[in-house]
>>> print(open('upload-v8.csv').read())   # CSV, C-alpha atoms and all ligand atoms
chain,number,residue,atom,x,y,z
E,1,MET,CA,-20.0,-18.5,8.9
E,2,GLN,CA,-17.2,-17.8,11.4
E,3,ILE,CA,-17.6,-14.5,13.1
E,4,ARG,CA,-15.2,-14.3,16.0
E,5,ARG,CA,-15.5,-11.9,18.8
E,6,ARG,CA,-11.9,-12.1,19.7
E,7,ARG,CA,-10.0,-11.4,16.5
E,8,GLY,CA,-6.6,-12.4,17.8
E,9,TRP,CA,-4.8,-12.2,14.5
E,10,GLU,CA,-6.0,-8.6,14.0
E,11,ILE,CA,-4.6,-7.4,17.3
E,12,PRO,CA,-0.9,-7.6,16.6
E,13,GLU,CA,-1.0,-4.7,14.2
E,14,ARG,CA,-2.8,-2.5,16.6
E,15,GLU,CA,-0.3,-3.2,19.3
E,16,ALA,CA,2.7,-3.1,17.1
E,17,THR,CA,5.1,-0.2,17.3
E,18,PRO,CA,8.1,-1.0,15.1
E,19,GLU,CA,9.7,1.9,13.3
E,20,ALA,CA,7.7,1.5,10.1
E,21,VAL,CA,4.5,1.6,12.1
E,22,HIS,CA,5.5,4.7,14.0
E,23,ALA,CA,5.9,6.6,10.8
E,24,ASP,CA,2.4,5.8,9.9
E,25,ARG,CA,0.8,6.0,13.3
E,26,ARG,CA,-1.1,9.2,12.5
E,27,ARG,CA,-2.6,7.7,9.4
E,28,LEU,CA,-3.5,4.6,11.3
E,29,VAL,CA,-5.2,6.5,14.0
E,30,LYS,CA,-7.1,8.5,11.4
E,31,ALA,CA,-8.1,5.4,9.6
E,32,ILE,CA,-9.5,3.8,12.7
E,33,ALA,CA,-11.3,7.0,13.6
E,34,ALA,CA,-12.8,7.1,10.2
E,35,GLY,CA,-14.0,3.5,10.6
E,36,SER,CA,-12.2,2.4,7.5
E,37,MET,CA,-10.4,-0.5,9.2
E,38,LEU,CA,-11.4,-3.1,11.7
E,39,GLY,CA,-14.8,-1.6,11.3
E,40,ALA,CA,-17.9,-3.5,12.5
E,41,GLY,CA,-19.3,-3.1,9.0
E,42,ALA,CA,-16.7,-5.3,7.4
E,43,LEU,CA,-17.3,-8.0,9.9
E,44,ALA,CA,-21.0,-7.8,10.2
E,45,ALA,CA,-22.7,-11.1,9.2
E,46,ARG,CA,-23.7,-11.4,5.6
E,47,PRO,CA,-26.7,-13.4,4.6
E,48,ALA,CA,-25.7,-16.9,3.7
E,49,SER,CA,-27.1,-16.4,0.2
E,50,ALA,CA,-24.3,-13.9,-0.6
E,51,PHE,CA,-21.9,-16.7,-0.1
E,52,LEU,CA,-23.8,-19.2,-2.1
E,53,GLY,CA,-24.0,-16.7,-4.9
E,54,PHE,CA,-20.4,-16.2,-4.7
E,55,GLY,CA,-19.7,-19.9,-5.0
E,56,GLY,CA,-21.5,-19.8,-8.3
E,57,ASP,CA,-19.3,-17.0,-9.6
E,58,ARG,CA,-16.3,-19.1,-8.7
E,59,GLN,CA,-17.4,-22.0,-10.9
E,60,VAL,CA,-17.4,-19.6,-13.9
E,61,ALA,CA,-13.9,-18.2,-13.0
E,62,ALA,CA,-12.6,-21.8,-12.6
E,63,SER,CA,-13.8,-22.9,-16.0
E,64,ASN,CA,-12.0,-19.9,-17.6
E,65,ASP,CA,-8.8,-20.9,-16.0
E,66,PRO,CA,-6.2,-22.2,-18.5
E,67,THR,CA,-5.2,-24.9,-16.0
E,68,ALA,CA,-8.7,-26.1,-15.3
E,69,GLY,CA,-8.2,-29.1,-17.6
E,70,LEU,CA,-5.3,-30.3,-15.4
E,71,TYR,CA,-7.6,-31.2,-12.5
E,72,PRO,CA,-8.6,-33.3,-10.7
E,73,VAL,CA,-5.2,-34.9,-10.1
E,74,LYS,CA,-4.5,-38.2,-8.4
E,75,ARG,CA,-4.5,-38.2,-4.7
E,76,ASN,CA,-1.3,-39.3,-2.9
E,77,GLU,CA,-2.6,-41.7,-0.3
E,78,ARG,CA,0.6,-41.6,1.8
E,79,TYR,CA,-0.8,-38.6,3.6
E,80,ALA,CA,-3.9,-39.5,5.6
E,81,LEU,CA,-6.3,-37.4,7.7
E,82,ASP,CA,-7.5,-38.1,11.1
E,83,ARG,CA,-10.7,-36.0,10.7
E,84,PRO,CA,-13.3,-35.1,8.1
E,85,LEU,CA,-12.4,-32.7,5.3
E,86,THR,CA,-13.5,-29.1,5.9
E,87,ASP,CA,-16.5,-28.0,3.9
E,88,GLU,CA,-15.4,-26.3,0.7
E,89,VAL,CA,-17.5,-23.2,1.2
E,90,GLN,CA,-15.9,-22.7,4.7
E,91,ALA,CA,-12.4,-23.1,3.4
E,92,THR,CA,-13.0,-20.7,0.6
E,93,THR,CA,-15.0,-18.0,2.4
E,94,TYR,CA,-13.1,-17.7,5.8
E,95,ASN,CA,-9.6,-16.6,4.8
E,96,ASN,CA,-6.6,-14.6,5.9
E,97,PHE,CA,-5.3,-12.6,3.0
E,98,TYR,CA,-4.4,-9.1,4.3
E,99,GLU,CA,-3.7,-7.7,0.9
E,100,PHE,CA,-7.5,-7.7,0.5
E,101,GLY,CA,-8.3,-6.6,4.1
E,102,SER,CA,-7.5,-7.4,7.7
E,103,HIS,CA,-10.6,-9.6,8.3
E,104,LYS,CA,-11.8,-13.0,7.1
E,105,GLN,CA,-14.4,-12.1,4.6
E,106,ILE,CA,-12.1,-11.2,1.7
E,107,SER,CA,-13.2,-13.9,-0.7
E,108,ARG,CA,-15.3,-11.7,-2.9
E,109,ALA,CA,-12.7,-8.8,-3.0
E,110,ALA,CA,-10.0,-11.3,-4.0
E,111,GLN,CA,-11.9,-12.1,-7.2
E,112,ARG,CA,-10.4,-8.8,-8.5
E,113,LEU,CA,-6.9,-10.4,-8.5
E,114,PRO,CA,-5.8,-10.6,-12.1
E,115,LEU,CA,-4.5,-14.2,-12.4
E,116,ARG,CA,-3.1,-14.0,-16.0
E,117,PRO,CA,-0.6,-13.4,-17.1
E,118,TRP,CA,1.2,-14.6,-14.0
E,119,THR,CA,5.0,-14.9,-13.8
E,120,VAL,CA,7.3,-16.2,-11.1
E,121,ARG,CA,10.7,-14.7,-10.7
E,122,ILE,CA,13.3,-17.2,-9.5
E,123,ASP,CA,16.5,-15.5,-8.4
E,124,GLY,CA,19.2,-15.0,-5.8
E,125,MET,CA,21.7,-17.9,-5.3
E,126,VAL,CA,20.7,-19.9,-8.3
E,127,GLU,CA,22.7,-21.1,-11.3
E,128,GLU,CA,20.8,-18.7,-13.5
E,129,PRO,CA,18.0,-16.3,-12.5
E,130,ARG,CA,14.9,-16.6,-14.6
E,131,THR,CA,11.3,-15.5,-14.9
E,132,VAL,CA,8.9,-18.3,-15.7
E,133,ASP,CA,5.2,-18.1,-16.8
E,134,PHE,CA,3.0,-19.9,-14.3
E,135,ASP,CA,1.3,-21.9,-17.1
E,136,THR,CA,4.7,-23.2,-18.2
E,137,LEU,CA,5.9,-23.9,-14.7
E,138,ILE,CA,2.9,-25.9,-13.7
E,139,ARG,CA,3.2,-28.1,-16.8
E,140,ALA,CA,6.8,-28.9,-15.8
E,141,MET,CA,5.8,-30.2,-12.4
E,142,PRO,CA,4.4,-33.6,-11.3
E,143,LEU,CA,0.9,-32.8,-10.0
E,144,GLU,CA,-0.7,-34.7,-7.2
E,145,GLU,CA,-3.4,-34.2,-4.5
E,146,ARG,CA,-2.7,-34.2,-0.8
E,147,VAL,CA,-5.1,-34.0,2.1
E,148,TYR,CA,-3.4,-32.0,4.8
E,149,ARG,CA,-4.4,-30.4,8.1
E,150,MET,CA,-3.8,-26.7,8.3
E,151,ARG,CA,-3.5,-24.8,11.6
E,152,CYS,CA,-3.7,-21.0,11.8
E,153,VAL,CA,-1.8,-19.4,14.7
E,154,GLU,CA,-5.1,-17.9,15.8
E,155,ALA,CA,-6.2,-21.5,16.7
E,156,TRP,CA,-8.7,-22.2,13.9
E,157,ALA,CA,-7.9,-25.2,11.7
E,158,MET,CA,-9.1,-27.0,8.6
E,159,ALA,CA,-8.4,-30.1,6.6
E,160,VAL,CA,-8.4,-29.7,2.9
E,161,PRO,CA,-7.4,-31.4,-0.4
E,162,TRP,CA,-4.6,-29.4,-2.0
E,163,SER,CA,-3.5,-30.1,-5.5
E,164,GLY,CA,0.0,-29.1,-6.7
E,165,PHE,CA,3.5,-30.3,-6.4
E,166,GLN,CA,6.1,-31.1,-3.8
E,167,LEU,CA,8.2,-28.0,-3.2
E,168,SER,CA,11.4,-30.0,-3.7
E,169,HIS,CA,10.6,-30.2,-7.4
E,170,LEU,CA,10.5,-26.4,-7.7
E,171,VAL,CA,13.8,-26.2,-5.8
E,172,ALA,CA,15.4,-28.7,-8.3
E,173,TYR,CA,13.9,-26.6,-11.2
E,174,ALA,CA,15.5,-23.5,-9.7
E,175,LYS,CA,19.0,-25.0,-9.5
E,176,PRO,CA,20.1,-23.3,-6.3
E,177,LEU,CA,23.8,-22.8,-5.6
E,178,SER,CA,25.4,-25.0,-2.9
E,179,GLY,CA,25.7,-22.0,-0.6
E,180,ALA,CA,21.9,-21.3,-0.5
E,181,ARG,CA,20.5,-21.8,2.9
E,182,TYR,CA,17.0,-20.3,2.8
E,183,VAL,CA,14.2,-20.0,0.3
E,184,VAL,CA,12.1,-16.8,0.5
E,185,PHE,CA,8.6,-16.5,-1.1
E,186,THR,CA,7.0,-13.1,-1.9
E,187,THR,CA,3.4,-12.2,-2.7
E,188,PHE,CA,2.5,-9.6,-5.2
E,189,GLY,CA,2.7,-6.0,-4.0
E,190,SER,CA,2.1,-2.6,-5.5
E,191,ASN,CA,4.7,-3.2,-8.1
E,192,GLU,CA,2.5,-5.9,-9.6
E,193,ILE,CA,-1.0,-4.9,-8.6
E,194,SER,CA,-2.7,-1.6,-8.4
E,195,PRO,CA,-3.8,-0.7,-4.8
E,196,GLY,CA,-7.3,-0.4,-6.1
E,197,THR,CA,-7.2,-4.2,-6.9
E,198,ALA,CA,-6.0,-5.2,-3.5
E,199,THR,CA,-7.0,-2.4,-1.2
E,200,GLY,CA,-5.2,-3.8,1.8
E,201,LEU,CA,-2.0,-2.7,0.2
E,202,ARG,CA,-3.1,0.9,1.0
E,203,GLN,CA,-2.7,0.1,4.7
E,204,SER,CA,0.8,1.5,4.5
E,205,TRP,CA,1.7,0.6,8.2
E,206,TYR,CA,2.1,-3.0,7.0
E,207,PRO,CA,5.5,-4.0,5.6
E,208,TRP,CA,4.3,-5.0,2.1
E,209,PRO,CA,4.9,-7.2,0.2
E,210,TYR,CA,4.0,-10.2,2.3
E,211,VAL,CA,7.1,-12.4,2.6
E,212,ASP,CA,8.1,-15.5,4.4
E,213,GLY,CA,10.5,-18.4,3.9
E,214,CYS,CA,12.0,-21.6,5.2
E,215,SER,CA,15.4,-23.3,5.3
E,216,MET,CA,16.6,-25.4,2.4
E,217,ALA,CA,16.2,-28.5,4.5
E,218,GLU,CA,12.6,-27.6,5.1
E,219,ALA,CA,12.0,-26.8,1.5
E,220,ASN,CA,13.3,-30.2,0.5
E,221,ASN,CA,11.3,-32.0,3.1
E,222,GLU,CA,8.6,-34.2,1.5
E,223,MET,CA,5.8,-32.5,3.3
E,224,SER,CA,6.5,-29.1,1.8
E,225,PHE,CA,4.1,-28.4,-1.0
E,226,ILE,CA,3.1,-25.7,-3.5
E,227,ALA,CA,-0.6,-25.7,-4.0
E,228,THR,CA,-2.1,-24.7,-7.3
E,229,GLY,CA,-5.4,-26.4,-6.8
E,230,LEU,CA,-8.0,-27.0,-4.0
E,231,TYR,CA,-10.9,-29.4,-4.0
E,232,GLY,CA,-9.9,-30.8,-7.4
E,233,LYS,CA,-10.0,-27.4,-9.2
E,234,PRO,CA,-7.6,-24.5,-9.7
E,235,ILE,CA,-7.0,-22.8,-6.3
E,236,PRO,CA,-9.4,-19.8,-5.8
E,237,ALA,CA,-7.9,-16.4,-5.6
E,238,GLN,CA,-8.8,-16.0,-1.9
E,239,ASN,CA,-6.7,-19.1,-1.1
E,240,GLY,CA,-3.6,-17.8,-2.9
E,241,ALA,CA,-4.0,-18.4,-6.7
E,242,PRO,CA,-2.3,-19.2,-8.8
E,243,LEU,CA,0.3,-20.8,-6.5
E,244,ARG,CA,0.8,-20.7,-2.7
E,245,LEU,CA,3.1,-22.3,-0.2
E,246,VAL,CA,1.8,-25.1,2.2
E,247,LEU,CA,4.0,-26.1,5.2
E,248,PRO,CA,1.4,-28.1,7.1
E,249,TRP,CA,3.5,-28.6,10.3
E,250,LYS,CA,3.8,-24.8,10.8
E,251,TYR,CA,1.4,-22.1,11.6
E,252,GLY,CA,-0.6,-21.0,8.6
E,253,PHE,CA,1.0,-17.6,8.2
E,254,LYS,CA,4.1,-19.3,6.8
E,255,GLY,CA,2.0,-20.3,3.7
E,256,VAL,CA,2.7,-17.4,1.4
E,257,LYS,CA,-0.1,-16.8,-1.1
E,258,SER,CA,-0.1,-15.7,-4.7
E,259,ILE,CA,3.7,-16.0,-5.1
E,260,VAL,CA,5.5,-13.8,-7.6
E,261,ARG,CA,9.1,-14.4,-6.4
E,262,VAL,CA,11.1,-17.4,-5.1
E,263,HIS,CA,14.5,-16.2,-3.9
E,264,PHE,CA,17.4,-18.3,-2.7
E,265,THR,CA,19.8,-16.8,-0.1
E,266,ASP,CA,22.3,-17.5,2.6
E,267,ARG,CA,20.6,-15.1,5.0
E,268,ARG,CA,17.6,-15.9,7.1
E,269,PRO,CA,14.7,-13.7,6.0
E,270,ILE,CA,12.6,-11.5,8.3
E,271,SER,CA,9.0,-12.4,7.5
E,272,PHE,CA,6.1,-10.0,7.2
E,273,TRP,CA,4.6,-11.0,10.6
E,274,GLU,CA,8.0,-10.9,12.3
E,275,GLN,CA,8.4,-7.3,11.0
E,276,VAL,CA,5.0,-6.4,12.4
E,277,GLN,CA,5.4,-8.1,15.8
E,278,GLY,CA,8.7,-10.0,16.2
E,279,SER,CA,7.9,-10.8,19.9
E,280,GLU,CA,4.9,-12.9,18.7
E,281,TYR,CA,5.9,-14.3,15.3
E,282,GLY,CA,9.2,-15.9,14.6
E,283,PHE,CA,10.9,-17.7,11.8
E,284,TRP,CA,10.3,-21.3,12.6
E,285,ALA,CA,6.7,-21.2,13.8
E,286,ASN,CA,6.2,-24.9,14.2
E,287,VAL,CA,2.9,-25.9,15.7
E,288,ASN,CA,3.2,-26.9,19.4
E,289,PRO,CA,0.3,-27.2,21.9
E,290,ALA,CA,2.7,-26.7,24.8
E,291,VAL,CA,4.0,-23.3,23.7
E,292,PRO,CA,1.3,-20.7,24.0
E,293,HIS,CA,1.1,-17.5,21.9
E,294,PRO,CA,1.9,-14.6,24.2
E,295,ARG,CA,-1.8,-13.7,24.2
E,296,TRP,CA,-3.6,-17.0,24.0
E,297,SER,CA,-3.2,-20.8,24.4
E,298,GLN,CA,-2.3,-23.1,21.6
E,299,ALA,CA,-3.5,-26.2,23.4
E,300,ASN,CA,-6.6,-26.7,21.3
E,301,GLU,CA,-7.9,-25.8,17.9
E,302,ARG,CA,-11.3,-25.1,16.4
E,303,MET,CA,-12.3,-26.7,13.1
E,304,LEU,CA,-13.8,-24.4,10.6
E,305,GLY,CA,-17.4,-25.1,9.8
E,306,SER,CA,-18.1,-27.8,12.4
E,307,GLY,CA,-16.7,-25.8,15.2
E,308,GLU,CA,-15.4,-29.0,16.7
E,309,MET,CA,-12.6,-28.5,19.2
E,310,ARG,CA,-9.5,-30.8,19.0
E,311,PRO,CA,-6.3,-31.0,20.9
E,312,THR,CA,-3.5,-29.3,19.0
E,313,GLN,CA,-0.8,-31.8,17.9
E,314,ILE,CA,3.0,-31.2,18.0
E,315,TYR,CA,4.1,-30.3,14.4
E,316,ASN,CA,0.4,-30.4,13.6
E,317,GLY,CA,0.7,-34.2,13.7
E,318,TYR,CA,3.5,-34.3,11.1
E,319,GLY,CA,6.4,-35.0,13.5
E,320,GLU,CA,7.3,-38.3,11.9
E,321,PHE,CA,8.2,-36.4,8.7
E,322,VAL,CA,9.7,-33.2,10.1
E,323,ALA,CA,10.8,-33.5,13.7
E,324,GLY,CA,14.3,-34.5,12.6
E,325,LEU,CA,14.8,-31.1,10.9
E,326,TYR,CA,15.1,-29.5,14.3
E,327,GLU,CA,17.4,-31.8,16.3
E,328,ASP,CA,20.4,-29.5,15.9
E,329,LEU,CA,18.4,-26.3,16.5
E,330,LYS,CA,17.4,-26.8,20.1
E,331,GLY,CA,18.5,-23.3,21.2
E,332,GLU,CA,16.2,-21.6,18.8
E,333,LYS,CA,12.6,-20.4,19.2
E,334,LEU,CA,11.1,-23.2,17.2
E,335,TYR,CA,7.5,-22.8,18.2
E,336,MET,CA,6.5,-19.2,17.6
E,401,LIG,N1,0.1,-13.1,0.9
E,401,LIG,C1,-0.5,-13.6,2.1
E,401,LIG,N2,-0.4,-14.9,2.4
E,401,LIG,C2,-0.9,-15.3,3.5
E,401,LIG,C3,-1.7,-14.5,4.4
E,401,LIG,C4,-1.8,-13.1,4.0
E,401,LIG,O1,-2.4,-12.3,4.7
E,401,LIG,N3,-1.2,-12.7,2.8
E,401,LIG,N4,-2.2,-15.0,5.5
E,401,LIG,C5,-1.6,-16.2,6.1
E,401,LIG,C6,-2.4,-16.8,7.1
E,401,LIG,S1,-2.3,-16.1,8.6
E,401,LIG,C7,-3.0,-18.0,7.0
E,401,LIG,S2,-3.8,-18.8,8.3
E,401,LIG,C8,-3.2,-18.6,5.7
E,401,LIG,C9,-4.7,-18.8,5.4
E,401,LIG,O2,-4.9,-19.5,4.2
E,401,LIG,P1,-6.4,-19.8,3.7
E,401,LIG,O3,-7.1,-18.5,3.6
E,401,LIG,O4,-6.2,-20.5,2.4
E,401,LIG,O5,-7.0,-20.7,4.7
E,401,LIG,O6,-2.6,-17.8,4.6
E,401,LIG,C10,-1.4,-17.3,4.9
E,401,LIG,N5,-0.8,-16.7,3.8
E,402,MO,MO,-3.0,-17.7,10.2
>>> encode(input="upload-v8.csv", output="structure tokens")
Amino acid sequence: MQIRRRRGWEIPEREATPEAVHADRRRLVKAIAAGSMLGAGALAARPASAFLGFGGDRQVAASNDPTAGLYPVKRNERYALDRPLTDEVQATTYNNFYEFGSHKQISRAAQRLPLRPWTVRIDGMVEEPRTVDFDTLIRAMPLEERVYRMRCVEAWAMAVPWSGFQLSHLVAYAKPLSGARYVVFTTFGSNEISPGTATGLRQSWYPWPYVDGCSMAEANNEMSFIATGLYGKPIPAQNGAPLRLVLPWKYGFKGVKSIVRVHFTDRRPISFWEQVQGSEYGFWANVNPAVPHPRWSQANERMLGSGEMRPTQIYNGYGEFVAGLYEDLKGEKLYM
């Protein structure tokens, strides 16, 4: 269990004062006073047995999944790890998914996410906008497994086997127009899900829905991946079922979970975290040990589960694949 005293990721929203937050400041203050957010209760240690029990529930959920029969898929050996895989229980019980709460222990609450039917809207600068059912989409994609490192901006890290497909296949499927320069991914919001299902959505000082994106060149890079599975099974709700973005050379917040919309545009999007605290979270967000977060160092990272400390690597160790993407962007803030 990872209980952190310094909850760095949870600090930005308390310090943030953008317009949207001002409007809700009174509610926020009330909520804190009432102990309904960032409360010690939510973060208090749970007995380990609660998590083991939960793991059991998940097996049942996974076997009901209409894509369960697609897994496991063949591992692509081109992407090798320099460290052991993170324990599955750790990767599936220590999560960031603010729609279910602004703390790490959201895995149980996330089981309420209704995963079917699930459609993905593909729109914006494409030949023809369309809405595709997830079970149709996944069967049109070449599935593979990739073991990737993943680095959260808060300095915890993991190494996990994702299953899914290279993002470039989804881009080709979408048929973007030649003028499209960015791809924007959006998570469900209160249009799709009732706030009782994902109670974090009631925290109206956040700019829901969660959104983030990348350039077309990044989207077509071979590292960019859409995960539909984890540890050889359908991806659990808490990790972003039924499909989530994985850009392993960037900080984890770029990895939009539970995607309902893929939008192509010629305008750079302003991401969820950029809206919350633009001075700390930017568009590129490439991992770099030499560029500290304004409030903490990024020099080292702590592996989930083992607690092992490792030096952070530039581009999270994927520079051979992605460094070329940034050669013409030297004036930009590439590492926050
Ligand atoms: N929709 C949504 N996607 C999200 C987040 C979130 O709060 N909501 N958190 C991000 C952050 S900060 C990280 S580190 C990763 C965590 O992914 P994991 O829980 O699968 O490890 O999800 C990212 N994607
Ligand atoms: Mo993160």
>>> closest_residue(input="upload-v8.csv", among="E:Glu145, E:Glu222, E:Glu274, E:Asp135", to="Gln166 in chain E", atoms="all atoms listed in the file")
E:Glu222
>>> closest_atom_pairs(input="upload-v8.csv", of="chain E", to="ligand MO 402 (chain E)", cutoff="10 Å", atoms="all atoms listed in the file", output="CSV")
residue,atom,partner,partner_atom,distance
E:Gly8,CA,E:MO402,MO,9.9
E:Trp9,CA,E:MO402,MO,7.2
E:Asn95,CA,E:MO402,MO,8.6
E:Asn96,CA,E:MO402,MO,6.4
E:Phe97,CA,E:MO402,MO,9.1
E:Met150,CA,E:MO402,MO,9.2
E:Arg151,CA,E:MO402,MO,7.3
E:Cys152,CA,E:MO402,MO,3.7
E:Val153,CA,E:MO402,MO,5.0
E:Glu154,CA,E:MO402,MO,6.0
E:Ala155,CA,E:MO402,MO,8.2
E:Trp156,CA,E:MO402,MO,8.2
E:Ala157,CA,E:MO402,MO,9.1
E:Lys250,CA,E:MO402,MO,9.8
E:Tyr251,CA,E:MO402,MO,6.4
E:Gly252,CA,E:MO402,MO,4.4
E:Phe253,CA,E:MO402,MO,4.5
E:Lys254,CA,E:MO402,MO,8.0
E:Gly255,CA,E:MO402,MO,8.6
>>> atom_distance(input="upload-v8.csv", atom1="CA of Leu329 in chain E", atom2="CA of Ala217 in chain E")
12.4 Å
>>> residues_near_point(input="upload-v8.csv", point="(7.2, -27.1, -15.4)", cutoff="12 Å", atoms="all atoms listed in the file", output="ChimeraX atom specification")
/E:120,132-143,164-165,169-174
>>> residues_around(input="upload-v8.csv", residues="Ser190 in chain E", least_positions_apart="6", cutoff="9 Å", atoms="all atoms listed in the file", output="list in words")
Ala198, Leu201, Trp208 and Pro209 of chain E
>>> closest_residue(input="upload-v8.csv", among="E:Pro248, E:Gly229, E:Gly324, E:Pro236", to="Trp162 in chain E", atoms="all atoms listed in the file")
E:Gly229
>>> closest_residue(input="upload-v8.csv", among="E:Trp205, E:Tyr79, E:Phe272, E:Tyr315", to="ligand LIG 401 (chain E)", atoms="only C-alpha atoms and all ligand atoms")
E:Phe272
>>> residues_around(input="upload-v8.csv", residues="Val260 in chain E", least_positions_apart="2", cutoff="7 Å", atoms="all atoms listed in the file", output="PDB file with C-alpha atoms, in the coordinates of the input")
ATOM      1  CA  THR E 119       5.000 -14.900 -13.800  1.00  0.00           C
ATOM      2  CA  VAL E 120       7.300 -16.200 -11.100  1.00  0.00           C
ATOM      3  CA  ARG E 121      10.700 -14.700 -10.700  1.00  0.00           C
ATOM      4  CA  THR E 186       7.000 -13.100  -1.900  1.00  0.00           C
ATOM      5  CA  THR E 187       3.400 -12.200  -2.700  1.00  0.00           C
ATOM      6  CA  PHE E 188       2.500  -9.600  -5.200  1.00  0.00           C
ATOM      7  CA  SER E 258      -0.100 -15.700  -4.700  1.00  0.00           C
TER       8      SER E 258
END
>>> closest_residue(input="upload-v8.csv", among="E:Ser168, E:Ser271, E:Ser297, E:Ser306", to="Tyr206 in chain E", atoms="all atoms listed in the file")
E:Ser271
>>> closest_residue(input="upload-v8.csv", among="E:Gly213, E:Gly124, E:Gly200, E:Gly179", to="Phe100 in chain E", atoms="all atoms listed in the file")
E:Gly200
>>> closest_residue(input="upload-v8.csv", among="E:Leu247, E:Asn239, E:Phe185, E:Thr131", to="Phe321 in chain E", atoms="all atoms listed in the file")
E:Leu247
>>> atom_distance(input="upload-v8.csv", atom1="CA of Ile259 in chain E", atom2="CA of Met223 in chain E")
18.6 Å
>>> residues_around(input="upload-v8.csv", residues="Leu304 in chain E", least_positions_apart="5", cutoff="9 Å", atoms="all atoms listed in the file", output="list in words")
Met1, Gln2, Thr86, Asp87, Gln90, Ala91, Tyr94, Trp156, Ala157, Met158 and Ala159 of chain E
>>> atom_distance(input="upload-v8.csv", atom1="CA of Arg181 in chain E", atom2="CA of Tyr281 in chain E")
20.6 Å
>>> residues_around(input="upload-v8.csv", residues="Lys333 in chain E", least_positions_apart="6", cutoff="12 Å", atoms="all atoms listed in the file", output="list of chain:residue names")
E:Gly278, E:Ser279, E:Glu280, E:Tyr281, E:Gly282, E:Phe283, E:Trp284, E:Ala285, E:Asn286, E:Val287, E:Asn288, E:Val291, E:Tyr326
>>> residues_around(input="upload-v8.csv", residues="Val160 in chain E", least_positions_apart="2", cutoff="6 Å", atoms="only C-alpha atoms", output="ChimeraX atom specification")
/E:85-86,147-148
>>> residues_near_point(input="upload-v8.csv", point="(-13.3, -7.9, -5.1)", cutoff="10 Å", atoms="only C-alpha atoms", output="list in words")
Phe100, Ile106, Ser107, Arg108, Ala109, Ala110, Gln111, Arg112, Leu113, Gly196, Thr197, Ala198, Thr199 and Gln238 of chain E
>>> build_atoms(input="upload-v8.csv", residues="range 113-117 of chain E", atoms="all heavy atoms", output="mmCIF file, in the coordinates of the input")
data_model
loop_
_atom_site.group_PDB
_atom_site.id
_atom_site.type_symbol
_atom_site.label_atom_id
_atom_site.label_comp_id
_atom_site.auth_asym_id
_atom_site.auth_seq_id
_atom_site.Cartn_x
_atom_site.Cartn_y
_atom_site.Cartn_z
ATOM 1 N N LEU E 113 -8.310 -10.079 -8.208
ATOM 2 C CA LEU E 113 -6.900 -10.400 -8.500
ATOM 3 C C LEU E 113 -6.738 -10.858 -9.920
ATOM 4 O O LEU E 113 -7.322 -11.874 -10.288
ATOM 5 C CB LEU E 113 -6.386 -11.427 -7.492
ATOM 6 C CG LEU E 113 -4.912 -11.827 -7.612
ATOM 7 C CD1 LEU E 113 -3.993 -10.635 -7.334
ATOM 8 C CD2 LEU E 113 -4.592 -12.961 -6.637
ATOM 9 N N PRO E 114 -5.979 -10.154 -10.755
ATOM 10 C CA PRO E 114 -5.800 -10.600 -12.100
ATOM 11 C C PRO E 114 -4.823 -11.792 -12.178
ATOM 12 O O PRO E 114 -3.650 -11.646 -11.852
ATOM 13 C CB PRO E 114 -5.206 -9.389 -12.863
ATOM 14 C CG PRO E 114 -4.757 -8.446 -11.812
ATOM 15 C CD PRO E 114 -5.240 -8.912 -10.469
ATOM 16 N N LEU E 115 -5.328 -12.971 -12.534
ATOM 17 C CA LEU E 115 -4.500 -14.200 -12.400
ATOM 18 C C LEU E 115 -3.674 -14.493 -13.652
ATOM 19 O O LEU E 115 -2.827 -15.375 -13.613
ATOM 20 C CB LEU E 115 -5.427 -15.376 -12.095
ATOM 21 C CG LEU E 115 -6.143 -15.277 -10.740
ATOM 22 C CD1 LEU E 115 -7.073 -16.460 -10.528
ATOM 23 C CD2 LEU E 115 -5.114 -15.196 -9.613
ATOM 24 N N ARG E 116 -3.947 -13.791 -14.764
ATOM 25 C CA ARG E 116 -3.100 -14.000 -16.000
ATOM 26 C C ARG E 116 -2.891 -12.661 -16.646
ATOM 27 O O ARG E 116 -3.821 -11.861 -16.681
ATOM 28 C CB ARG E 116 -3.835 -14.945 -16.968
ATOM 29 C CG ARG E 116 -4.024 -16.375 -16.490
ATOM 30 C CD ARG E 116 -2.702 -17.091 -16.265
ATOM 31 N NE ARG E 116 -2.888 -18.516 -15.980
ATOM 32 C CZ ARG E 116 -3.330 -19.027 -14.820
ATOM 33 N NH1 ARG E 116 -3.632 -18.240 -13.820
ATOM 34 N NH2 ARG E 116 -3.456 -20.327 -14.676
ATOM 35 N N PRO E 117 -1.695 -12.478 -17.262
ATOM 36 C CA PRO E 117 -0.600 -13.400 -17.100
ATOM 37 C C PRO E 117 0.000 -13.366 -15.726
ATOM 38 O O PRO E 117 -0.153 -12.381 -15.006
ATOM 39 C CB PRO E 117 0.457 -12.792 -18.132
ATOM 40 C CG PRO E 117 0.114 -11.338 -18.208
ATOM 41 C CD PRO E 117 -1.376 -11.257 -18.012
#
